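What follows is one structure encoded as structure tokens, with my remarks underneath.
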Amino acid sequence: MAAALVHPLCSLSTRAQRIDCLDLTRGLGATPRGAITELLGQESTGRTALAQSYLATATLGGEIAAWVDCGDAFDPVSAAKAGADLGKMLWVRCGHRLEIALKAVDMILHSGGFGLVILDVCGATDAALRPVPLSYWYRIRRAVEGTPSILLVLSRQSVARACATRQFVLDQAKLEWRGLAPFQTIARRKFQAISRKPMSAGVVALEALGDREEV
Amino acid sequence: MAELAGQFSPLIEKPDAEMVVFSLAGLSRMFGDWRQIASEISRRGADMGIVANLAIARDKTTAMLAARHLRGVTIIPPGREAASLSEISIEDLPAEPEMLATLRRWGIRTLGNLGALPEIGVRERLGEAGCRLRRIALGQEEDWLRLSRPPEEYTAREEFDYPVELLEPLLFVIAAQLRDLTAKLQRNGQAVRRIAIAATLDPSGETVRSVELPLSMRDPQALLKQIQLCLEAKPLGAPVTAIQVALDPADPRVVQGGLFQPTAPEPEKLQTLLTRLGALAGPDRVGSPVILDSHRPDAFRLRPCAFESANPSPVASRSLRLAFRYFRPPLPARVKVENSVPRRIASERVSGAVLHAAGPWRTSGEWWADTSWMRDEWDVALESQAAYRIYLTPSQEWFVEGSYD
């Protein structure tokens, strides 16, 4: 009983071993603690929507989150609409400088105490990402291992490669509009998610509601 | 007067700006009896140009009454308190106006009159408060000194035999200073919110660096790291011949943690992290976002982070919401328009035929300020199935503001 009490409460979710694509829609269930999870996909595939929903889950759960924004793309209004508590997050704007983003993630993980760390390198080009040595990602994996932190990487393609414990590939399916032309708003965007690591045959369909209010 | 009192005793009370009360305990062995002590105090007071009444008595209250209402030097030997105070008016007693009015109705005018009243009768009619006044009148009220402590200074200065050029040996000296200063802070139950470092430079000149801490702390290692990061960001610029560290004391932080609260970054480590991230990315690029009360697109500011452990809020099941990703700065674009509807976009990162366009949404505002804006927005879906927000400015320039992701 005593051992159960002194066990870090926030690491309990690491015990859930079986994680599949469906967990993507269940809060932080798909993103194991103490490991790197990658959300991969092209533009408009729902990477940011999923990441912001995780941000909301973490901050409303009382955890402190960090968003390391390589391309200065983060929108606080979207995050607030997703339910995130902006007062419980640290936003690091790296000004399109990938090296600074990687250093910032390293510092944040070594500092400790952050429940969720999101590295957003969606805007970085392949030419910028390719030269990052794998050893750097091993260093980051070592920093996150054994901690109750979740490291979530948003990117077009896998950057952490072998160091990522989970990889989900997102793809866009359908964009639905509502209202009368020409003053329409995006009603919802449907996505598909495939678990590439661990490999899963299933495809899960996700959908996100539109950003604008209907007129 | 406090300085004069400080020459005789460390046990000093300052009841108000015009009076100082201090203990004579132990002075008789140095100066002799009360008369000789009074003579010495008078002499030193005259040397310092102080003109004041002086009273010496067995208890504090009697001495205060005598000093306030009897001119010159008054020495009240033990047992003579009542006689010495007898001529003082009852109006000078620390009593409620109603109580004084009652005494006046009884014909009591002086402390001598009050002291002559029987104790039992006073207790029956005026209660404990009346008995206390009677004890004061008789010089029998015993009260302790409420010691006032001089404001503590947390300053350490070190002069070097030769100018120090490198930061590392300088930090070595500062670390020793911080250890002493933080130990003193801990003894006094205080912490620090601001650090000032004054350096005397070689061959001449002085420079000051200050570090503002968002939270009070007193861990010497954390403070040293803050100083190091400050001096790395803003070097002193010349060899240093003397260094002075001054800490502004503040009340320590009081935090009550909870067993079921999620972990949060330790404040000391968080402060170091923020300083390092500020040095890395830019101090204005790190913080917690705050959405401004404005309809202006992308209106936000960053505020310094100050996280505290909090109990989890109940998380309601939420639908996934489409997020917006900004291109900062917006991408200039060439847009082909047919029948007032965008048909094709060409820009550095976003290009393609427009499959669906919704708009224009005309927004404008803050015409009274430098932040005024006016534009027509469109939400467009390209043939790649990606959705973007584009806008047209009054100067007929198109920009891609961001994407829906």
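Just remember, in the structure tokens the first chain shown is A, the second B, etc., residues are 1-based per chain, and ligands are 1-based in the order shown.
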
(message) DSSP on the backbone: which residues in range 29-126 of chain A end up as helix (DSSP H, G or I)? Give the answer as a PyMOL selection string.
(response) chain A and resi 47-60+76-81+86-88+98-111+126

Quick one: residues within 6 Å of Leu40 in chain A, only C-alpha atoms counted, chain neighbours fewer than 4 positions away excluded, as a PDB file with C-alpha atoms, in the first residue's frame?
```
ATOM      1  CA  SER A 155       6.412  17.084 -38.184  1.00  0.00           C
ATOM      2  CA  ARG A 156       5.836  16.388 -41.847  1.00  0.00           C
ATOM      3  CA  GLN A 157       7.985  13.275 -41.697  1.00  0.00           C
ATOM      4  CA  VAL A 169       0.701   9.184 -39.574  1.00  0.00           C
ATOM      5  CA  LEU A 170      -2.236  11.464 -40.243  1.00  0.00           C
TER       6      LEU A 170
END
```

(message) Excluding Arg178 in chain A and its own-chain neighbours fewer than 4 positions away, which residues fall within 9 Å of it when counting only C-alpha atoms? Please give them as a VMD selection string.
(response) chain A and resid 183 to 188 214

(message) Neighbouring residues of Ala143 in chain A were defined as those with any atom within 10 Å, considering only C-alpha atoms; residues of the same chain fewer than 6 positions away were excluded. Please report them as a list in words.
(response) Gly34, Ala35, Val105, Asp106, Met107, Ile108, Leu109, His110, Ser111, Gly112, Trp137 and Ser149 of chain A

Output C-alpha atoms for every residue in that selection, as a PDB file, in the first residue's frame.
```
ATOM      1  CA  GLY A  34       8.935   9.063 -20.678  1.00  0.00           C
ATOM      2  CA  ALA A  35       9.005   8.526 -24.447  1.00  0.00           C
ATOM      3  CA  VAL A 105      13.509  21.018 -25.844  1.00  0.00           C
ATOM      4  CA  ASP A 106      16.694  19.635 -24.331  1.00  0.00           C
ATOM      5  CA  MET A 107      16.743  22.377 -21.679  1.00  0.00           C
ATOM      6  CA  ILE A 108      13.061  21.958 -20.838  1.00  0.00           C
ATOM      7  CA  LEU A 109      13.360  18.199 -20.433  1.00  0.00           C
ATOM      8  CA  HIS A 110      16.442  18.514 -18.254  1.00  0.00           C
ATOM      9  CA  SER A 111      14.744  21.166 -16.138  1.00  0.00           C
ATOM     10  CA  GLY A 112      11.934  18.721 -15.311  1.00  0.00           C
ATOM     11  CA  TRP A 137      17.596  12.463 -30.814  1.00  0.00           C
ATOM     12  CA  SER A 149       6.979  13.888 -19.288  1.00  0.00           C
TER      13      SER A 149
END
```

(message) If the cut-off is 6 Å, can you tell me the residues of chain B near chain A, counting only C-alpha atoms? I'd like them as a PyMOL selection string.
(response) chain B and resi 262-265+281+285-288+310-313+320-323+325-327+358-359+386+404-405

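Across the structure, CA of Tyr154 in chain B and CA of Ile195 in chain B are spaced 10.0 Å apart.
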
(request) Pull the strand (DSSP E) assignments for range 40-82 of chain A out of DSSP run on the backbone, and list those residues as a PyMOL selection string. (result) chain A and resi 40+65-69

(request) Please indicate the distance in Å from CA of Ile194 in chain A to CA of Ser158 in chain A, rounded to one decimal place. (result)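 Separating CA of Ile194 in chain A from CA of Ser158 in chain A is a distance of 13.7 Å.
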
(request) One decimal, Å: what's the distance from CA of Gly257 in chain B over to CA of Leu215 in chain B, could you say? (result)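 Between these atoms lies a distance of 16.5 Å.
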
(request) Excluding Gly139 in chain B and residues on its chain fewer than 2 positions from it, collect all residues at most 10 Å away from it, counting only C-alpha atoms, and give them as a list in words. (result)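 Result of the neighbour search: Ala57, Arg58, Asp59, Lys60, Thr61, Thr62, Ala63, Leu65, Ile76, Pro78, Gly79, Arg80, Glu81, Ala82, Ala83, Ser84, Leu85, Ser86, Leu111, Gly115, Leu133, Arg134, Arg135, Ile136, Ala137, Glu141 and Glu142 of chain B.
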
Serialized selection, N, CA, C and O atoms, as a JSON list (two decimals), in the first residue's frame:
```json
[["chain", "number", "residue", "atom", "x", "y", "z"],
["B", 57, "ALA", "N", 13.39, 54.56, 35.13],
["B", 57, "ALA", "CA", 12.52, 53.95, 36.13],
["B", 57, "ALA", "C", 12.66, 52.44, 36.05],
["B", 57, "ALA", "O", 13.31, 51.92, 35.13],
["B", 58, "ARG", "N", 12.02, 51.77, 37.03],
["B", 58, "ARG", "CA", 12.13, 50.32, 37.09],
["B", 58, "ARG", "C", 11.35, 49.65, 35.96],
["B", 58, "ARG", "O", 11.74, 48.61, 35.47],
["B", 59, "ASP", "N", 10.24, 50.26, 35.56],
["B", 59, "ASP", "CA", 9.45, 49.64, 34.48],
["B", 59, "ASP", "C", 9.26, 50.62, 33.32],
["B", 59, "ASP", "O", 9.38, 51.84, 33.47],
["B", 60, "LYS", "N", 8.94, 50.02, 32.20],
["B", 60, "LYS", "CA", 8.87, 50.78, 30.95],
["B", 60, "LYS", "C", 7.77, 51.84, 30.98],
["B", 60, "LYS", "O", 8.00, 52.99, 30.58],
["B", 61, "THR", "N", 6.58, 51.47, 31.47],
["B", 61, "THR", "CA", 5.43, 52.37, 31.41],
["B", 61, "THR", "C", 5.68, 53.62, 32.24],
["B", 61, "THR", "O", 5.38, 54.75, 31.81],
["B", 62, "THR", "N", 6.25, 53.44, 33.44],
["B", 62, "THR", "CA", 6.55, 54.58, 34.30],
["B", 62, "THR", "C", 7.57, 55.51, 33.65],
["B", 62, "THR", "O", 7.42, 56.74, 33.63],
["B", 63, "ALA", "N", 8.62, 54.90, 33.07],
["B", 63, "ALA", "CA", 9.66, 55.70, 32.42],
["B", 63, "ALA", "C", 9.08, 56.48, 31.25],
["B", 63, "ALA", "O", 9.41, 57.66, 31.04],
["B", 65, "LEU", "N", 5.90, 57.47, 30.81],
["B", 65, "LEU", "CA", 5.04, 58.55, 31.31],
["B", 65, "LEU", "C", 5.87, 59.73, 31.81],
["B", 65, "LEU", "O", 5.59, 60.90, 31.52],
["B", 76, "ILE", "N", 13.59, 57.93, 38.84],
["B", 76, "ILE", "CA", 12.56, 57.46, 39.77],
["B", 76, "ILE", "C", 13.08, 56.20, 40.44],
["B", 76, "ILE", "O", 13.09, 55.12, 39.83],
["B", 78, "PRO", "N", 13.20, 52.84, 42.73],
["B", 78, "PRO", "CA", 12.18, 51.85, 43.01],
["B", 78, "PRO", "C", 11.43, 52.20, 44.29],
["B", 78, "PRO", "O", 12.05, 52.56, 45.31],
["B", 79, "GLY", "N", 10.09, 52.13, 44.24],
["B", 79, "GLY", "CA", 9.26, 52.44, 45.38],
["B", 79, "GLY", "C", 8.76, 53.86, 45.39],
["B", 79, "GLY", "O", 7.86, 54.22, 46.14],
["B", 80, "ARG", "N", 9.34, 54.74, 44.54],
["B", 80, "ARG", "CA", 8.94, 56.16, 44.50],
["B", 80, "ARG", "C", 8.11, 56.48, 43.25],
["B", 80, "ARG", "O", 7.90, 57.65, 42.92],
["B", 81, "GLU", "N", 7.67, 55.46, 42.55],
["B", 81, "GLU", "CA", 6.97, 55.67, 41.27],
["B", 81, "GLU", "C", 5.68, 56.47, 41.48],
["B", 81, "GLU", "O", 5.42, 57.44, 40.76],
["B", 82, "ALA", "N", 4.87, 56.04, 42.45],
["B", 82, "ALA", "CA", 3.57, 56.69, 42.66],
["B", 82, "ALA", "C", 3.75, 58.17, 42.96],
["B", 82, "ALA", "O", 3.04, 59.03, 42.42],
["B", 83, "ALA", "N", 4.71, 58.50, 43.82],
["B", 83, "ALA", "CA", 4.94, 59.89, 44.18],
["B", 83, "ALA", "C", 5.43, 60.71, 43.00],
["B", 83, "ALA", "O", 5.04, 61.86, 42.79],
["B", 84, "SER", "N", 6.29, 60.09, 42.19],
["B", 84, "SER", "CA", 6.86, 60.82, 41.06],
["B", 84, "SER", "C", 5.81, 61.12, 40.00],
["B", 84, "SER", "O", 5.86, 62.14, 39.32],
["B", 85, "LEU", "N", 4.86, 60.19, 39.84],
["B", 85, "LEU", "CA", 3.86, 60.36, 38.78],
["B", 85, "LEU", "C", 2.60, 61.06, 39.26],
["B", 85, "LEU", "O", 1.69, 61.32, 38.47],
["B", 86, "SER", "N", 2.52, 61.37, 40.55],
["B", 86, "SER", "CA", 1.25, 61.80, 41.14],
["B", 86, "SER", "C", 0.70, 63.09, 40.52],
["B", 86, "SER", "O", -0.50, 63.28, 40.49],
["B", 111, "LEU", "N", -2.90, 61.37, 38.48],
["B", 111, "LEU", "CA", -2.58, 59.96, 38.75],
["B", 111, "LEU", "C", -2.52, 59.72, 40.25],
["B", 111, "LEU", "O", -2.80, 58.61, 40.72],
["B", 115, "GLY", "N", -4.41, 56.71, 41.98],
["B", 115, "GLY", "CA", -3.69, 55.70, 42.77],
["B", 115, "GLY", "C", -4.23, 55.57, 44.19],
["B", 115, "GLY", "O", -4.09, 54.52, 44.82],
["B", 133, "LEU", "N", -5.18, 50.96, 34.74],
["B", 133, "LEU", "CA", -4.87, 52.38, 34.86],
["B", 133, "LEU", "C", -4.37, 52.71, 36.27],
["B", 133, "LEU", "O", -3.45, 53.51, 36.45],
["B", 134, "ARG", "N", -4.98, 52.06, 37.24],
["B", 134, "ARG", "CA", -4.54, 52.31, 38.63],
["B", 134, "ARG", "C", -3.10, 51.82, 38.84],
["B", 134, "ARG", "O", -2.30, 52.49, 39.50],
["B", 135, "ARG", "N", -2.80, 50.64, 38.26],
["B", 135, "ARG", "CA", -1.43, 50.12, 38.39],
["B", 135, "ARG", "C", -0.44, 51.07, 37.70],
["B", 135, "ARG", "O", 0.67, 51.29, 38.20],
["B", 136, "ILE", "N", -0.85, 51.62, 36.56],
["B", 136, "ILE", "CA", 0.04, 52.58, 35.87],
["B", 136, "ILE", "C", 0.28, 53.80, 36.76],
["B", 136, "ILE", "O", 1.41, 54.28, 36.91],
["B", 137, "ALA", "N", -0.80, 54.26, 37.39],
["B", 137, "ALA", "CA", -0.68, 55.44, 38.25],
["B", 137, "ALA", "C", 0.25, 55.18, 39.43],
["B", 137, "ALA", "O", 0.96, 56.08, 39.89],
["B", 141, "GLU", "N", 2.68, 48.80, 36.81],
["B", 141, "GLU", "CA", 2.35, 48.08, 35.57],
["B", 141, "GLU", "C", 3.64, 47.57, 34.94],
["B", 141, "GLU", "O", 4.56, 48.34, 34.66],
["B", 142, "GLU", "N", 3.70, 46.27, 34.75],
["B", 142, "GLU", "CA", 4.92, 45.69, 34.18],
["B", 142, "GLU", "C", 4.67, 45.37, 32.72],
["B", 142, "GLU", "O", 3.68, 44.75, 32.38]]
```

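Summary of the local environment: counting only C-alpha atoms, residues at most 7 Å from Tyr391 in chain B, other than itself and those fewer than 3 positions away along its chain, are Arg375, Asp376, Glu377, Trp378, Trp398, Phe399 and Val400 of chain B.
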
(message) Just want the 12 Å neighbourhood of Asp33 in chain B, counted on only C-alpha atoms, with same-chain residues fewer than 6 positions away dropped. Output as a PyMOL selection string.
(response) chain B and resi 24-27+39-40+56+75+77

Deliver the residues from the most recent selection as a file, using N, CA, C and O atoms, as a short mmCIF file (atom, residue, chain, number, x, y, z; two decimals), in the first residue's frame.
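Full text of selection_5.cif as output:
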```cif
data_model
loop_
_atom_site.label_atom_id
_atom_site.label_comp_id
_atom_site.auth_asym_id
_atom_site.auth_seq_id
_atom_site.Cartn_x
_atom_site.Cartn_y
_atom_site.Cartn_z
N LEU B 24 18.50 49.35 30.60
CA LEU B 24 19.77 49.73 31.23
C LEU B 24 20.46 48.51 31.84
O LEU B 24 21.44 48.67 32.57
N ALA B 25 19.93 47.32 31.57
CA ALA B 25 20.49 46.12 32.20
C ALA B 25 21.97 46.01 31.88
O ALA B 25 22.38 46.09 30.72
N GLY B 26 22.78 45.87 32.92
CA GLY B 26 24.22 45.68 32.76
C GLY B 26 25.02 46.97 32.69
O GLY B 26 26.25 46.94 32.75
N LEU B 27 24.34 48.13 32.59
CA LEU B 27 25.08 49.39 32.44
C LEU B 27 25.68 49.87 33.77
O LEU B 27 26.62 50.66 33.78
N SER B 39 23.70 60.82 33.66
CA SER B 39 24.68 61.86 33.34
C SER B 39 25.40 61.54 32.04
O SER B 39 25.61 62.40 31.18
N GLU B 40 25.78 60.27 31.88
CA GLU B 40 26.50 59.86 30.66
C GLU B 40 25.60 59.98 29.43
O GLU B 40 26.02 60.45 28.37
N ILE B 56 14.40 57.64 33.96
CA ILE B 56 14.86 56.29 34.28
C ILE B 56 13.96 55.74 35.38
O ILE B 56 13.75 56.41 36.40
N ILE B 75 14.79 60.80 37.51
CA ILE B 75 15.21 59.48 37.97
C ILE B 75 14.24 59.04 39.05
O ILE B 75 14.06 59.75 40.06
N PRO B 77 13.53 56.31 41.68
CA PRO B 77 14.04 55.12 42.37
C PRO B 77 12.90 54.13 42.61
O PRO B 77 11.73 54.53 42.72
#
```

(request) Have a look at B:Ala353, B:Ser372, B:Leu302, B:Asp379 and name the one nearest to Lys336 in chain B; count only C-alpha atoms. (result)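 So, comparing all the options, the nearest one is B:Ala353.
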